[in-house]
Amino acid sequence: MKKIIISLMLISSGSVFSQVSVGTSAAAPAMNRWTFGGGIGLGFGSNSSFNLQASPRVGYRLTDDLEAGVIGSVSWQTSNYYKSTMFGVGPFVNYYIARSFYVGANYQHFFINYTDKYYDYKYNTEENALYLGGGYMQRIGNNSFMQLGLMYNVLWKQNSSVFTSGLIPNIGFVVGL
């Protein structure tokens, strides 16, 4: 089952990013309700640590201000001491306020594969996350926006979560609003 979900995530993320277009043409319908977007992250740190993340999303505008859809997440992390791969998928809902602010909820189920290089220890687990939050939106094109926000995982538990914190800053892009 995990291999099927991983394959679907990789296929859908490639198709999501390949279908994004900025602007509209004269032949385009006046009211396309589909939205596409996501975010990409890159990080470096001590002990040769490296982190790469991608989170594609596909949404549908139920009203002019309410959007629901599916978001995915894939993350690769490595350092001198460990390596980790994480996949997540789940629904999201966003409410837009005057196309300048948004509030939203995002539920994701994560599949985590962790290897400790120093002790030669492997660990596979799953974890749920329910992110609630919001942020600011900046128009960057005709129907394209950059989102800057802050989300909090209300299911996060300090001593049992694989995540170091429940608070998550996010930067993403949406085309089709």
# chains A, B, ... in the order shown; residues from 1 in each chain; ligands from 1

call {"tool": "residues_around", "arguments": {"residues": "segment 138-152 of chain A", "least_positions_apart": "6", "cutoff": "12 Å", "atoms": "only C-alpha atoms", "output": "VMD selection string"}}
result
chain A and resid 20 to 25 30 to 39 94 96 98 to 107 129 to 132 163 165 to 177

call {"tool": "select_by_dssp", "arguments": {"residues": "segment 83-123 of chain A", "states": "strand (DSSP E or B)", "output": "ChimeraX atom specification"}}
result
/A:83-97,101-116,121-123

call {"tool": "closest_residue", "arguments": {"among": "A:Ser75, A:Tyr121, A:Arg57, A:Asp65", "to": "Gly90 of chain A", "atoms": "only C-alpha atoms"}}
result
A:Arg57

call {"tool": "residues_around", "arguments": {"residues": "Gly88 of chain A", "least_positions_apart": "6", "cutoff": "7 Å", "atoms": "only C-alpha atoms", "output": "JSON list (two decimals) with C-alpha atoms, in the first residue's frame"}}
result
[["chain", "number", "residue", "atom", "x", "y", "z"],
["A", 72, "GLY", "CA", 0.73, 16.16, -0.62],
["A", 73, "SER", "CA", 4.14, 16.37, 0.93],
["A", 74, "VAL", "CA", 7.44, 14.65, 0.30],
["A", 108, "GLN", "CA", -2.17, 14.97, 6.57],
["A", 109, "HIS", "CA", -1.26, 11.36, 7.19],
["A", 110, "PHE", "CA", 2.54, 10.90, 7.08],
["A", 111, "PHE", "CA", 4.61, 7.81, 6.31]]
